[in-house]
Structure formats: structure tokens, C-alpha cells
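Below is one structure, written out as C-alpha cells, with a few remarks after it.
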Amino acid sequence: MTRRAALVAVSVALLALVVGIIVWQRARPAPLASPAPAPAARIPPAATLLQTPHYRIHSTATPTQTQQVAEAVESLHAAYMALFGDQVSPSTRPLTLVLYADREEFQRNNRSRPWAEAYYLRPACYAYYGGGRENPHHWMLHEAVHQLNTEVAGWRLPAWANEGVAGYLGASWLEDGVLTPGRSDPATYPIWWLSRMGLTGSLQEDAAAARFIPLRDLLEGRGPGIDRHVNLYYLHYWGLTHFLFHYENGRYAAAYKQLLARGASTPDFERLIGPIGEIEEAWYAYMLDAIATMQKYEADNGIER
């Protein structure tokens, strides 16, 4: 080989090596970014810890009150898994709850909307032990459902479904340590506002007067501002989920569970449940019946709201 030919061969080899290095560097996967730090719960300094099979409860309430809430959320966990066992795998680590002694302490530490009585801010649920005639732990049950939806089921749901399932289970009857989904406790939110919903029997008139939120608007997050109509929205959320689970002996229950597992989009609602207009009319009539039932209960028990 001549000197010129040898130099050309060496140059070609070096060029191939450089090209190979460039290609390898381009093909090499980018280094993984450092994972974002996990959010931390805000635990009151004076809180005590109660651990149950599925929860870590940091509480400033009394030991008796804390134990009541612990039993309630464990019953909720069992009811949730019984209801959604085909769609959801059991939790593998304890979930975090923060229980305040009373409403005043909760409000001093509230990091949610000013009107909130409880909230879920990952990784913890924050609520207080209620007093008076109402169910003392329904606020925590409601938020614990949000936690289950997010951290156990892994669902990302629109407000109507997320709040609907939370309202449905959080307002269910709890007796002798057993939560009965669908049997609504009249001493829970939003049920105690049901008799004052004010529906007239005319869907069109009630929608025009913002007494009834049309189904498509509810599904797609439209309608009157929630800050001015909080109770109206939460009654609709609860009522639609109760309807989907119990109308005509559970006609839509299986399809509703599928809908939740798929993300509860409007197209899936129409495909799995039915046409918006048809469902809306049946749901509206269902709400009228629920209002009448609540009004009779309050009259029979001398309850005025």
C-alpha cells in the first residue's frame, strides 16, 4: 500500500469512528431526571398517631373520637373494595389522614377553599370531628373516598364522578361498624340540603332558573359558578351517582363502574349508559322522588332546616 493510500485508509477509519460515537451519543437515552420530592402531609405538632390496617391517623381529637373515625374509615375501605373490587386492587401501604379536634382548628389550618369543611391534598385527607346532630365523621369519609379514587384506584375523574362517588359513599349509613352504600344518612352533607333543593317538576323551568343543572353541562364542567352554588352542585353530584347505582334495581350499576374505570368521559357515558336526554329525564324524576322522601322524613321527625 502506498503512503497516500495508507493515509486515506486511516482517515476513513477515524471518520467512521467519530460518526459512530456521534450516532451512539444521539441514540443513548437521556439521563433520567431526578424524581420530584414526594409531597408531605402537614401534621399538627400536638397530634397523636393511631395506626389501623389501612390508615395512619394523625389526630388532635380525643382518643374516643379518633377511634370512631378509624372504625368509620376502615369500614369505608372495606365497602369501597367490595364495590369496586373488579376494577381496583387493594392498597399496599397505609393512607394518611389528619383529624382536627373541631371546626375552628380545621379552619385555622385550611389550605382549601374558604367554604370547605374537609379536603384531600395529596397525600393526606384533612377533616375535623363533627359535633351536634350530624354524623361526626362524614367529612372524613367523603375525603377518604377521594384518596381511594386517586391513590388506590389510580383514577383521574371529572368533578361530577369524583365528587359523586365521594358524596355517595361519604353520606351512606354507618351502623354497628358497617357502611351500607346507597342507604343515605340524613345527618350527612349534602343530604341534609335535599329537601330544600326546590325542584318544581318542570325540568326546563328548573334548568332556566339554575335550580337544576342540565346533565351535559354537569358532565362537561359547565353551569353556574360553583362558589355561588356549592350545595346545588354537591346535590347533583350525589344524586347522579346514586341514580346510576340504584335506578331500576341497579340497571346502570355495572356500566357505571366501567365508566369510572375508563375515566368517565362524556362519549363513554353515552356509549355505556345511554343518550344524554333520555338519562337526564329519568334522573330528574329520580331526584324529585328523593326530595319527596327527604321531606317526609323531616316532617315525620320534626326536623326543620
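Each chain of the C-alpha cells is named A, B, ... in the order shown, its residues numbered from 1; ligands are numbered from 1 in display order.
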
Could I get the residues of region 234-268 of chain A with an atom no further than 9 Å from an atom of region 213-229 of chain A, each paired with its nearest atom pair and that distance in Å to one decimal, using only C-alpha atoms, sorted by chain and residue number, as JSON lines?
{"residue": "A:Tyr234", "atom": "CA", "partner": "A:His229", "partner_atom": "CA", "distance": 8.8}
{"residue": "A:His236", "atom": "CA", "partner": "A:Ile213", "partner_atom": "CA", "distance": 7.5}
{"residue": "A:Tyr237", "atom": "CA", "partner": "A:Leu218", "partner_atom": "CA", "distance": 8.4}
{"residue": "A:Leu240", "atom": "CA", "partner": "A:Leu215", "partner_atom": "CA", "distance": 8.9}
{"residue": "A:Ala264", "atom": "CA", "partner": "A:Leu219", "partner_atom": "CA", "distance": 8.5}
{"residue": "A:Ser265", "atom": "CA", "partner": "A:Leu219", "partner_atom": "CA", "distance": 7.7}
{"residue": "A:Thr266", "atom": "CA", "partner": "A:Leu219", "partner_atom": "CA", "distance": 6.3}

Selection above as a file: N, CA and C atoms, as a CSV table (one decimal), in the first residue's frame:
chain,number,residue,atom,x,y,z
A,234,TYR,N,-73.2,19.8,44.8
A,234,TYR,CA,-72.9,18.6,45.5
A,234,TYR,C,-74.2,17.7,45.6
A,236,HIS,N,-76.3,17.5,43.1
A,236,HIS,CA,-76.3,16.9,41.7
A,236,HIS,C,-75.3,15.8,41.7
A,237,TYR,N,-74.1,16.0,42.2
A,237,TYR,CA,-73.0,15.0,42.1
A,237,TYR,C,-73.5,13.7,42.9
A,240,LEU,N,-76.7,12.1,41.0
A,240,LEU,CA,-76.4,11.4,39.7
A,240,LEU,C,-75.7,10.0,40.0
A,264,ALA,N,-64.6,8.3,32.9
A,264,ALA,CA,-65.9,9.0,32.9
A,264,ALA,C,-66.0,10.1,31.9
A,265,SER,N,-65.6,9.9,30.7
A,265,SER,CA,-65.8,11.0,29.7
A,265,SER,C,-67.2,11.0,29.2
A,266,THR,N,-67.6,12.1,28.6
A,266,THR,CA,-69.0,12.2,28.1
A,266,THR,C,-69.3,11.2,26.9

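Across the structure, CA of Ala40 (chain A) and CA of Tyr126 (chain A) are spaced 12.9 Å apart.
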
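Each of A:Gly154, A:Pro53, A:Pro136, A:Pro114 was compared to Gly263 (chain A) using only C-alpha atoms, and A:Gly154 turns out to be the nearest.
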
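Between Gln147 (chain A) and the residues A:Trp193, A:Tyr80, A:Phe106, A:Phe269, the shortest atom-to-atom distance, using only C-alpha atoms, involves A:Tyr80.
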
Query - Who sits within 9 Å of Thr241 (chain A), only C-alpha atoms, same chain under 2 positions skipped, as a PyMOL selection string - result: chain A and resi 160-161+164-165+167-168+236-239+243-246+256

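Taking only C-alpha atoms into account, Trp173 (chain A) lies nearest to A:Ala79 out of the set A:Ile279, A:Leu49, A:Ala79, A:Val152.
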